[in-house]
>>> print(open('start02.csv').read())   # CSV, C-alpha atoms
chain,number,residue,atom,x,y,z
O,1,MET,CA,-12.5,-12.0,-6.0
O,2,ILE,CA,-9.5,-14.1,-7.1
O,3,ARG,CA,-8.5,-16.5,-4.4
O,4,THR,CA,-4.7,-17.0,-3.9
O,5,GLU,CA,-5.0,-20.8,-4.4
O,6,ASN,CA,-6.0,-20.0,-8.0
O,7,TYR,CA,-2.9,-17.9,-8.6
O,8,PRO,CA,-0.8,-19.0,-11.6
O,9,SER,CA,2.4,-18.9,-9.5
O,10,LYS,CA,3.1,-19.9,-5.9
O,11,ALA,CA,5.7,-17.2,-5.5
O,12,LEU,CA,3.2,-14.6,-6.7
O,13,ALA,CA,0.5,-15.9,-4.4
O,14,ASP,CA,2.9,-15.7,-1.4
O,15,ALA,CA,3.9,-12.2,-2.2
O,16,VAL,CA,0.2,-11.1,-2.6
O,17,GLU,CA,-0.6,-12.8,0.7
O,18,ALA,CA,2.2,-11.0,2.5
O,19,ILE,CA,1.4,-7.6,1.0
O,20,SER,CA,-2.3,-7.9,1.7
O,21,SER,CA,-1.5,-8.5,5.4
O,22,LEU,CA,-0.6,-4.8,5.6
O,23,PRO,CA,-3.3,-2.6,7.1
O,24,GLY,CA,-5.5,-0.9,4.5
O,25,VAL,CA,-4.2,-3.0,1.6
O,26,GLY,CA,-6.8,-5.3,0.0
O,27,SER,CA,-6.0,-8.3,-2.1
O,28,ARG,CA,-6.7,-6.5,-5.3
O,29,SER,CA,-4.2,-3.7,-4.4
O,30,ALA,CA,-1.8,-6.3,-3.2
O,31,LEU,CA,-1.9,-8.1,-6.5
O,32,ARG,CA,-1.3,-4.8,-8.3
O,33,LEU,CA,1.7,-4.0,-6.1
O,34,ALA,CA,3.1,-7.5,-6.4
O,35,LEU,CA,2.9,-7.4,-10.2
O,36,HIS,CA,4.6,-4.0,-10.1
O,37,LEU,CA,7.5,-5.4,-8.1
O,38,LEU,CA,7.6,-8.5,-10.3
O,39,HIS,CA,8.2,-6.3,-13.3
O,40,GLN,CA,11.2,-4.6,-11.7
O,41,PRO,CA,14.8,-5.8,-12.3
O,42,ALA,CA,15.8,-8.6,-9.9
O,43,ASP,CA,18.3,-6.4,-8.0
O,44,ARG,CA,15.6,-3.8,-7.2
O,45,ILE,CA,13.4,-6.6,-5.9
O,46,HIS,CA,16.3,-7.8,-3.7
O,47,ARG,CA,17.0,-4.3,-2.4
O,48,PHE,CA,13.3,-3.9,-1.6
O,49,ALA,CA,13.1,-7.2,0.3
O,50,SER,CA,16.3,-6.5,2.2
O,51,ALA,CA,15.1,-3.0,3.2
O,52,ILE,CA,12.1,-4.8,4.8
O,53,ASP,CA,14.2,-7.6,6.2
O,54,ASN,CA,16.4,-5.1,8.0
O,55,LEU,CA,13.5,-3.8,10.0
O,56,ALA,CA,13.7,-6.9,12.1
O,57,GLU,CA,17.2,-6.4,13.5
O,58,GLY,CA,18.3,-3.0,12.2
O,59,VAL,CA,15.9,-0.9,14.2
O,60,HIS,CA,16.5,-0.4,17.9
O,61,TYR,CA,14.6,1.5,20.6
O,62,CYS,CA,16.0,4.3,22.7
O,63,ARG,CA,16.4,3.0,26.3
O,64,THR,CA,15.3,6.4,27.6
O,65,CYS,CA,12.4,7.6,25.5
O,66,MET,CA,11.5,4.3,23.6
O,67,MET,CA,11.8,6.1,20.3
O,68,VAL,CA,13.1,4.1,17.3
O,69,ALA,CA,16.8,4.6,17.0
O,70,ASP,CA,19.9,3.2,15.3
O,71,GLY,CA,21.5,2.2,18.6
O,72,ASP,CA,20.3,2.1,22.2
O,73,GLN,CA,20.0,5.9,22.5
O,74,CYS,CA,18.2,8.1,20.0
O,75,GLY,CA,19.5,11.3,18.4
O,76,ILE,CA,17.2,13.5,20.5
O,77,CYS,CA,18.1,12.0,23.9
O,78,SER,CA,21.8,12.1,23.1
O,79,ASP,CA,21.7,15.8,22.0
O,80,ALA,CA,23.1,18.0,24.8
O,81,HIS,CA,21.5,21.1,23.2
O,82,ARG,CA,18.0,19.9,24.0
O,83,ASP,CA,16.1,20.6,27.1
O,84,HIS,CA,16.1,17.3,29.0
O,85,SER,CA,13.9,18.7,31.8
O,86,THR,CA,10.9,19.0,29.4
O,87,ILE,CA,9.3,15.7,28.3
O,88,CYS,CA,6.7,15.5,25.6
O,89,VAL,CA,4.6,12.4,26.1
O,90,VAL,CA,3.2,10.9,22.8
O,91,GLU,CA,1.4,7.8,21.7
O,92,SER,CA,3.8,6.7,18.9
O,93,VAL,CA,7.0,7.2,16.9
O,94,ARG,CA,5.0,9.0,14.2
O,95,ASP,CA,3.9,11.7,16.7
O,96,VAL,CA,7.5,12.4,17.5
O,97,MET,CA,8.3,12.8,13.8
O,98,SER,CA,5.3,15.1,13.4
O,99,ILE,CA,6.3,17.3,16.3
O,100,GLU,CA,10.0,17.3,15.2
O,101,ALA,CA,8.8,18.4,11.7
O,102,THR,CA,7.3,21.6,13.2
O,103,GLY,CA,10.7,22.7,14.5
O,104,GLN,CA,8.9,24.3,17.5
O,105,TYR,CA,10.0,22.0,20.2
O,106,ASN,CA,13.4,21.7,21.9
O,107,GLY,CA,12.7,19.3,24.7
O,108,VAL,CA,12.8,15.5,24.7
O,109,TYR,CA,10.1,12.8,24.3
O,110,HIS,CA,8.5,9.8,25.8
O,111,VAL,CA,6.9,7.3,23.5
O,112,LEU,CA,4.1,5.4,25.2
O,113,GLY,CA,3.8,2.8,22.4
O,114,GLY,CA,0.0,3.1,22.4
O,115,ILE,CA,-2.9,4.4,24.3
O,116,ILE,CA,-5.1,3.0,27.1
O,117,SER,CA,-8.0,1.3,25.3
O,118,PRO,CA,-10.2,-1.2,27.1
O,119,ILE,CA,-11.9,-2.1,23.8
O,120,ALA,CA,-8.6,-3.0,22.2
O,121,GLY,CA,-7.5,-4.7,25.4
O,122,ILE,CA,-4.6,-2.2,26.0
O,123,GLY,CA,-4.1,-1.4,29.7
O,124,PRO,CA,-1.5,0.8,31.4
O,125,SER,CA,0.9,-2.1,31.8
O,126,ASP,CA,1.1,-2.5,28.0
O,127,LEU,CA,2.5,1.0,27.7
O,128,THR,CA,5.8,2.6,28.9
O,129,ILE,CA,4.1,4.5,31.8
O,130,LYS,CA,6.3,2.9,34.5
O,131,GLU,CA,9.4,4.2,32.6
O,132,LEU,CA,7.7,7.6,32.3
O,133,VAL,CA,7.0,7.8,36.0
O,134,ALA,CA,10.7,6.9,36.7
O,135,ARG,CA,11.8,9.8,34.4
O,136,ALA,CA,9.2,12.3,35.7
O,137,GLY,CA,11.0,12.8,39.1
O,138,SER,CA,13.9,14.6,37.4
O,139,ALA,CA,11.7,16.6,34.9
O,140,LYS,CA,10.4,20.1,35.2
O,141,GLU,CA,7.5,19.7,32.8
O,142,LEU,CA,5.5,16.9,31.3
O,143,ILE,CA,3.6,17.8,28.1
O,144,LEU,CA,0.8,15.4,27.4
O,145,ALA,CA,0.6,15.4,23.6
O,146,LEU,CA,-2.1,12.7,23.3
O,147,PRO,CA,-5.0,12.3,21.0
O,148,GLY,CA,-8.1,14.3,21.7
O,149,ASP,CA,-10.5,11.4,22.0
O,150,VAL,CA,-11.8,9.4,24.9
O,151,GLU,CA,-8.9,7.0,25.0
O,152,GLY,CA,-6.4,9.9,24.8
O,153,GLU,CA,-8.0,11.7,27.7
O,154,THR,CA,-8.3,8.6,29.7
O,155,THR,CA,-4.5,8.0,29.2
O,156,ALA,CA,-3.7,11.6,30.0
O,157,PHE,CA,-5.8,11.4,33.2
O,158,TYR,CA,-4.1,8.1,34.2
O,159,ILE,CA,-0.6,9.5,33.7
O,160,TYR,CA,-1.6,12.7,35.6
O,161,ARG,CA,-2.6,10.6,38.6
O,162,GLN,CA,0.6,8.6,38.4
O,163,VAL,CA,3.0,11.6,38.3
O,164,GLU,CA,1.1,14.3,40.3
O,165,ARG,CA,3.4,13.6,43.4
O,166,CYS,CA,6.6,13.9,41.3
O,167,GLY,CA,6.5,17.7,41.5
O,168,CYS,CA,6.8,18.4,37.8
O,169,SER,CA,4.2,20.5,36.1
O,170,VAL,CA,1.9,18.7,33.7
O,171,THR,CA,0.6,20.5,30.6
O,172,ALA,CA,-1.4,19.4,27.6
O,173,LEU,CA,-1.5,20.5,24.0
O,174,ALA,CA,-3.6,23.6,23.2
O,175,ARG,CA,-6.9,22.6,21.6
O,176,GLY,CA,-9.1,24.8,19.5
O,177,LEU,CA,-9.7,25.8,15.9
O,178,GLY,CA,-6.9,25.1,13.5
O,179,PHE,CA,-5.1,28.0,11.8
O,180,GLY,CA,-7.1,28.9,8.7
O,181,ASP,CA,-10.2,27.0,9.9
O,182,ASP,CA,-13.6,28.5,9.1
O,183,LEU,CA,-16.0,28.8,12.1
O,184,GLU,CA,-18.8,27.7,9.8
O,185,TYR,CA,-17.2,24.2,9.2
O,186,ALA,CA,-15.8,23.6,12.6
O,187,ASP,CA,-17.4,20.8,14.6
O,188,SER,CA,-19.4,22.1,17.5
O,189,LEU,CA,-17.3,20.4,20.2
O,190,THR,CA,-14.1,22.0,19.0
O,191,LEU,CA,-15.8,25.3,18.5
O,192,GLY,CA,-17.4,25.1,22.0
O,193,ARG,CA,-14.1,24.3,23.7
O,194,SER,CA,-12.4,27.0,21.7
O,195,ILE,CA,-14.7,29.6,23.2
O,196,ALA,CA,-14.5,28.1,26.7
O,197,GLY,CA,-10.7,28.1,26.5
O,198,ARG,CA,-10.3,31.6,24.9
O,199,GLN,CA,-7.0,33.3,25.2
O,200,PRO,CA,-6.0,37.0,25.7
O,201,PHE,CA,-5.7,38.6,22.3
O,202,LYS,CA,-2.1,39.4,21.4
O,203,PRO,CA,-1.9,42.0,18.6
P,1,MET,CA,6.4,16.4,5.0
P,2,ILE,CA,9.0,14.5,7.0
P,3,ARG,CA,12.1,14.0,4.9
P,4,THR,CA,13.8,10.5,5.2
P,5,GLU,CA,17.2,12.1,6.1
P,6,ASN,CA,15.4,13.2,9.3
P,7,TYR,CA,14.3,9.7,10.2
P,8,PRO,CA,15.3,8.5,13.6
P,9,SER,CA,16.7,5.2,12.2
P,10,LYS,CA,18.5,4.4,9.0
P,11,ALA,CA,16.8,1.0,8.6
P,12,LEU,CA,13.4,2.6,9.0
P,13,ALA,CA,14.2,5.3,6.5
P,14,ASP,CA,15.4,2.7,4.0
P,15,ALA,CA,12.2,0.7,4.5
P,16,VAL,CA,10.0,3.8,4.0
P,17,GLU,CA,11.9,4.7,0.9
P,18,ALA,CA,11.5,1.2,-0.6
P,19,ILE,CA,7.7,1.1,0.2
P,20,SER,CA,7.1,4.6,-1.1
P,21,SER,CA,8.6,3.5,-4.5
P,22,LEU,CA,5.4,1.4,-5.0
P,23,PRO,CA,2.8,3.0,-7.2
P,24,GLY,CA,0.1,4.9,-5.4
P,25,VAL,CA,1.9,4.7,-2.0
P,26,GLY,CA,3.0,8.1,-0.7
P,27,SER,CA,5.7,8.7,2.0
P,28,ARG,CA,3.1,9.1,4.7
P,29,SER,CA,1.4,5.8,4.0
P,30,ALA,CA,4.8,4.2,3.5
P,31,LEU,CA,5.8,5.3,7.0
P,32,ARG,CA,2.6,3.9,8.4
P,33,LEU,CA,3.2,0.6,6.7
P,34,ALA,CA,6.8,0.4,7.7
P,35,LEU,CA,5.9,1.1,11.4
P,36,HIS,CA,3.2,-1.6,11.2
P,37,LEU,CA,5.8,-4.1,9.9
P,38,LEU,CA,8.3,-2.9,12.5
P,39,HIS,CA,5.9,-3.8,15.3
P,40,GLN,CA,5.5,-7.3,14.0
P,41,PRO,CA,7.5,-10.2,15.4
P,42,ALA,CA,10.9,-10.7,13.7
P,43,ASP,CA,10.0,-14.0,12.0
P,44,ARG,CA,6.9,-12.4,10.4
P,45,ILE,CA,9.1,-9.6,9.0
P,46,HIS,CA,11.5,-12.2,7.6
P,47,ARG,CA,8.7,-14.1,6.0
P,48,PHE,CA,7.3,-10.9,4.5
P,49,ALA,CA,10.7,-10.0,3.1
P,50,SER,CA,11.4,-13.4,1.7
P,51,ALA,CA,8.0,-13.6,0.0
P,52,ILE,CA,9.0,-10.4,-1.8
P,53,ASP,CA,12.5,-11.6,-2.5
P,54,ASN,CA,11.2,-14.8,-4.1
P,55,LEU,CA,9.4,-12.7,-6.8
P,56,ALA,CA,12.9,-12.1,-8.4
P,57,GLU,CA,13.7,-15.8,-9.1
P,58,GLY,CA,10.5,-17.8,-8.1
P,59,VAL,CA,8.3,-16.5,-10.8
P,60,HIS,CA,8.7,-17.7,-14.4
P,61,TYR,CA,6.8,-17.0,-17.6
P,62,CYS,CA,5.0,-19.5,-19.7
P,63,ARG,CA,7.0,-20.0,-23.0
P,64,THR,CA,3.7,-20.2,-24.9
P,65,CYS,CA,1.4,-17.5,-23.6
P,66,MET,CA,3.8,-15.4,-21.5
P,67,MET,CA,1.6,-15.8,-18.4
P,68,VAL,CA,3.4,-15.9,-15.0
P,69,ALA,CA,3.9,-19.5,-14.0
P,70,ASP,CA,5.8,-21.8,-11.6
P,71,GLY,CA,7.8,-23.4,-14.4
P,72,ASP,CA,8.3,-22.7,-18.2
P,73,GLN,CA,4.7,-23.7,-18.9
P,74,CYS,CA,1.6,-22.4,-17.2
P,75,GLY,CA,-1.2,-24.5,-15.8
P,76,ILE,CA,-3.6,-23.3,-18.5
P,77,CYS,CA,-1.3,-24.1,-21.5
P,78,SER,CA,-0.5,-27.5,-20.1
P,79,ASP,CA,-4.2,-28.4,-19.5
P,80,ALA,CA,-5.3,-30.8,-22.2
P,81,HIS,CA,-9.0,-30.2,-21.4
P,82,ARG,CA,-8.8,-26.6,-22.6
P,83,ASP,CA,-9.5,-25.5,-26.1
P,84,HIS,CA,-6.0,-24.6,-27.5
P,85,SER,CA,-7.5,-23.4,-30.8
P,86,THR,CA,-9.1,-20.3,-29.1
P,87,ILE,CA,-6.6,-17.7,-27.9
P,88,CYS,CA,-7.7,-14.8,-25.8
P,89,VAL,CA,-5.3,-11.8,-26.2
P,90,VAL,CA,-5.0,-9.7,-23.1
P,91,GLU,CA,-2.8,-6.8,-21.9
P,92,SER,CA,-1.6,-8.3,-18.6
P,93,VAL,CA,-1.5,-11.1,-16.1
P,94,ARG,CA,-4.2,-9.5,-14.1
P,95,ASP,CA,-6.6,-9.7,-17.1
P,96,VAL,CA,-6.0,-13.5,-17.3
P,97,MET,CA,-6.9,-13.8,-13.7
P,98,SER,CA,-10.0,-11.7,-14.0
P,99,ILE,CA,-11.3,-13.7,-17.0
P,100,GLU,CA,-10.4,-17.0,-15.2
P,101,ALA,CA,-12.4,-15.8,-12.2
P,102,THR,CA,-15.5,-15.6,-14.4
P,103,GLY,CA,-15.3,-19.3,-15.1
P,104,GLN,CA,-16.8,-18.6,-18.5
P,105,TYR,CA,-13.8,-19.3,-20.7
P,106,ASN,CA,-12.2,-22.6,-21.7
P,107,GLY,CA,-9.6,-21.5,-24.3
P,108,VAL,CA,-6.1,-20.4,-23.8
P,109,TYR,CA,-4.5,-16.9,-23.5
P,110,HIS,CA,-1.8,-14.7,-24.9
P,111,VAL,CA,-0.4,-12.0,-22.6
P,112,LEU,CA,0.9,-9.0,-24.6
P,113,GLY,CA,2.7,-7.5,-21.6
P,114,GLY,CA,1.4,-4.0,-22.3
P,115,ILE,CA,-0.4,-2.0,-24.8
P,116,ILE,CA,0.8,0.1,-27.8
P,117,SER,CA,1.2,3.6,-26.4
P,118,PRO,CA,3.2,6.2,-28.2
P,119,ILE,CA,3.0,8.6,-25.2
P,120,ALA,CA,4.5,6.0,-22.9
P,121,GLY,CA,7.0,5.0,-25.6
P,122,ILE,CA,5.6,1.5,-25.9
P,123,GLY,CA,5.7,0.2,-29.5
P,124,PRO,CA,4.7,-3.1,-31.0
P,125,SER,CA,8.2,-4.6,-30.6
P,126,ASP,CA,8.0,-4.1,-26.8
P,127,LEU,CA,5.0,-6.5,-26.7
P,128,THR,CA,4.7,-10.2,-27.5
P,129,ILE,CA,3.0,-9.6,-30.8
P,130,LYS,CA,5.6,-11.5,-32.8
P,131,GLU,CA,5.0,-14.6,-30.6
P,132,LEU,CA,1.2,-14.1,-31.0
P,133,VAL,CA,1.5,-14.0,-34.8
P,134,ALA,CA,3.5,-17.2,-34.7
P,135,ARG,CA,0.7,-18.9,-32.7
P,136,ALA,CA,-2.2,-17.5,-34.8
P,137,GLY,CA,-1.5,-19.8,-37.7
P,138,SER,CA,-2.7,-22.9,-35.8
P,139,ALA,CA,-5.6,-21.1,-34.0
P,140,LYS,CA,-9.2,-21.0,-35.0
P,141,GLU,CA,-10.2,-17.9,-33.2
P,142,LEU,CA,-8.4,-14.9,-31.7
P,143,ILE,CA,-10.4,-13.0,-29.0
P,144,LEU,CA,-9.1,-9.5,-28.6
P,145,ALA,CA,-9.8,-8.7,-24.9
P,146,LEU,CA,-8.1,-5.3,-24.8
P,147,PRO,CA,-9.0,-2.1,-23.0
P,148,GLY,CA,-11.8,0.0,-24.6
P,149,ASP,CA,-9.6,3.2,-24.9
P,150,VAL,CA,-7.6,4.6,-27.8
P,151,GLU,CA,-4.5,2.6,-26.9
P,152,GLY,CA,-6.5,-0.6,-26.7
P,153,GLU,CA,-8.2,0.0,-30.0
P,154,THR,CA,-4.9,0.9,-31.7
P,155,THR,CA,-3.3,-2.3,-30.4
P,156,ALA,CA,-6.3,-4.3,-31.5
P,157,PHE,CA,-6.2,-2.8,-34.9
P,158,TYR,CA,-2.4,-3.4,-35.2
P,159,ILE,CA,-2.8,-7.1,-34.2
P,160,TYR,CA,-5.7,-7.5,-36.6
P,161,ARG,CA,-3.5,-6.3,-39.5
P,162,GLN,CA,-0.7,-8.6,-38.5
P,163,VAL,CA,-2.9,-11.7,-38.3
P,164,GLU,CA,-5.5,-11.2,-41.0
P,165,ARG,CA,-3.7,-13.5,-43.4
P,166,CYS,CA,-3.5,-16.3,-40.8
P,167,GLY,CA,-7.0,-17.5,-41.6
P,168,CYS,CA,-8.2,-17.5,-38.0
P,169,SER,CA,-11.3,-15.5,-37.1
P,170,VAL,CA,-10.7,-12.4,-35.0
P,171,THR,CA,-13.3,-11.3,-32.4
P,172,ALA,CA,-13.5,-8.7,-29.7
P,173,LEU,CA,-15.2,-8.5,-26.3
P,174,ALA,CA,-18.8,-7.4,-26.3
P,175,ARG,CA,-19.1,-3.8,-25.3
P,176,GLY,CA,-22.3,-2.2,-23.8
P,177,LEU,CA,-24.0,-1.4,-20.6
P,178,GLY,CA,-22.9,-3.6,-17.6
P,179,PHE,CA,-25.4,-5.9,-16.1
P,180,GLY,CA,-27.4,-4.0,-13.5
P,181,ASP,CA,-26.3,-0.6,-15.0
P,182,ASP,CA,-28.9,2.2,-15.0
P,183,LEU,CA,-29.3,4.0,-18.3
P,184,GLU,CA,-29.5,7.2,-16.4
P,185,TYR,CA,-25.9,6.9,-15.1
P,186,ALA,CA,-24.2,5.4,-18.2
P,187,ASP,CA,-21.8,7.6,-20.1
P,188,SER,CA,-23.2,8.6,-23.4
P,189,LEU,CA,-20.4,6.9,-25.5
P,190,THR,CA,-21.2,3.5,-23.9
P,191,LEU,CA,-24.9,4.0,-24.2
P,192,GLY,CA,-24.6,5.2,-27.8
P,193,ARG,CA,-22.5,2.1,-28.7
P,194,SER,CA,-24.9,-0.1,-26.8
P,195,ILE,CA,-27.8,1.1,-29.0
P,196,ALA,CA,-25.7,0.8,-32.2
P,197,GLY,CA,-24.6,-2.7,-31.3
P,198,ARG,CA,-28.1,-3.9,-30.1
P,199,GLN,CA,-28.6,-7.7,-30.1
P,200,PRO,CA,-31.7,-9.9,-30.9
P,201,PHE,CA,-33.8,-10.2,-27.7
P,202,LYS,CA,-33.6,-13.7,-26.2
P,203,PRO,CA,-36.4,-14.3,-23.8
>>> encode(input="start02.csv", output="structure tokens")
Amino acid sequence: MIRTENYPSKALADAVEAISSLPGVGSRSALRLALHLLHQPADRIHRFASAIDNLAEGVHYCRTCMMVADGDQCGICSDAHRDHSTICVVESVRDVMSIEATGQYNGVYHVLGGIISPIAGIGPSDLTIKELVARAGSAKELILALPGDVEGETTAFYIYRQVERCGCSVTALARGLGFGDDLEYADSLTLGRSIAGRQPFKP
Amino acid sequence: MIRTENYPSKALADAVEAISSLPGVGSRSALRLALHLLHQPADRIHRFASAIDNLAEGVHYCRTCMMVADGDQCGICSDAHRDHSTICVVESVRDVMSIEATGQYNGVYHVLGGIISPIAGIGPSDLTIKELVARAGSAKELILALPGDVEGETTAFYIYRQVERCGCSVTALARGLGFGDDLEYADSLTLGRSIAGRQPFKP
């Protein structure tokens, strides 16, 4: 382990320290990345730095769905061709992008900004659940597209209790074997639920 | 795959594009890192960006050994307690830091800035070999601490031919089994060379 106070240059040490603050990047990788940047032409380094810098003020959040956006409304919420009565509830911005990439969904979203997790100290008031309840009144359907773990199910249940009097239907993502999955290698919980939740065969 | 033109925010897309230009960072990891940064307070984002920005002008190279430095001479070359007649020749800045971390070396360094590699289009004139030859005249020993692959050996041989008339002795790093290595798991080339280069046993 090379400690940053032993680095040959203060600027290099600062860059390594900044990069190693990223999740999943150790100090050895950070040094490799910092030296890679260091060997780039100065204008490329400046462009890189200003792209990061712009994250602070250049990214806004949609006032309706809390998705990242260029202004105060995102492209999805301002799109009149989308079904605004169907709201897909997701944990994060990344989930919206994953669902959008499927091309299978034409409704709108609601980004919770996290998931209820007592261990991580995240409660319902840290998420955008209040804003979701306010939207639910005018929606026909709420799709809970949350993770399939304990925290995800807790969050789904909490939201369900909050919106059940709103009159909209509440659905959840289908769970089961993935397409192309082998039964042999499926975990038994998934396989068990896949049998319990079997669907009529459509030839 | 989510294409950056489909990103919900231009600033986010720019940041992901910049981060994914780093070696070994794919667009999915880049998105994860960009969103992590995005969720930091603005002053932390600015600090991160300026640490990177400073790499462009804040890092200098030692005029003697080509190591990164805060000024035009590095801390090692300006240290009178070090043995300036022993020069350890390495490929990169990282190698200097690795050797320094051992605490076993009290000489100075020479950073080649790469290794001769016809495939990558790197020839002797792209490296700081001319500067090394100029220093070799006043040195007692040159330690070639270069990679143990074909490129490293080619470079070592090239340097040897350039400096053999300088009158300094030329040595190379000891090669063999690592400390704690099992014979069973050693590759046969290393094991073979380790037998051929066996040393007197010192109890």
>>> residues_around(input="start02.csv", residues="range 122-126 of chain O", least_positions_apart="6", cutoff="12 Å", atoms="all atoms listed in the file", output="PyMOL selection string")
chain O and resi 112-116+132-133+151+154-159+162
>>> interface_residues(input="start02.csv", of="chain O", to="chain P", cutoff="7 Å", atoms="only C-alpha atoms", output="PyMOL selection string")
chain O and resi 2+8-12+14-15+18+22+33+38+42+45-46+48-56+58-59+68-70+75+101
>>> atom_distance(input="start02.csv", atom1="CA of Lys130 in chain P", atom2="CA of Gly148 in chain P")
22.4 Å
>>> closest_atom_pairs(input="start02.csv", of="range 28-90 of chain O", to="range 165-171 of chain O", cutoff="12 Å", atoms="only C-alpha atoms", output="JSON lines")
{"residue": "O:Ser85", "atom": "CA", "partner": "O:Cys168", "partner_atom": "CA", "distance": 9.3}
{"residue": "O:Thr86", "atom": "CA", "partner": "O:Cys168", "partner_atom": "CA", "distance": 9.4}
{"residue": "O:Ile87", "atom": "CA", "partner": "O:Val170", "partner_atom": "CA", "distance": 9.6}
{"residue": "O:Cys88", "atom": "CA", "partner": "O:Thr171", "partner_atom": "CA", "distance": 9.3}
{"residue": "O:Val89", "atom": "CA", "partner": "O:Thr171", "partner_atom": "CA", "distance": 10.1}
>>> write_last_selection(input="start02.csv", atoms="C-alpha atoms", output="compact mmCIF listing (two decimals), keeping the file's coordinate frame")
# COMPACT_ATOMS: atom_id res chain seq x y z
CA SER O 85 13.90 18.70 31.80
CA THR O 86 10.90 19.00 29.40
CA ILE O 87 9.30 15.70 28.30
CA CYS O 88 6.70 15.50 25.60
CA VAL O 89 4.60 12.40 26.10
>>> atom_distance(input="start02.csv", atom1="CA of Cys77 in chain P", atom2="CA of Ile99 in chain P")
15.1 Å
>>> atom_distance(input="start02.csv", atom1="CA of Thr64 in chain O", atom2="CA of Glu141 in chain O")
16.3 Å
>>> residues_around(input="start02.csv", residues="Leu173 in chain P", least_positions_apart="4", cutoff="8 Å", atoms="all atoms listed in the file", output="PyMOL selection string")
chain P and resi 143-146
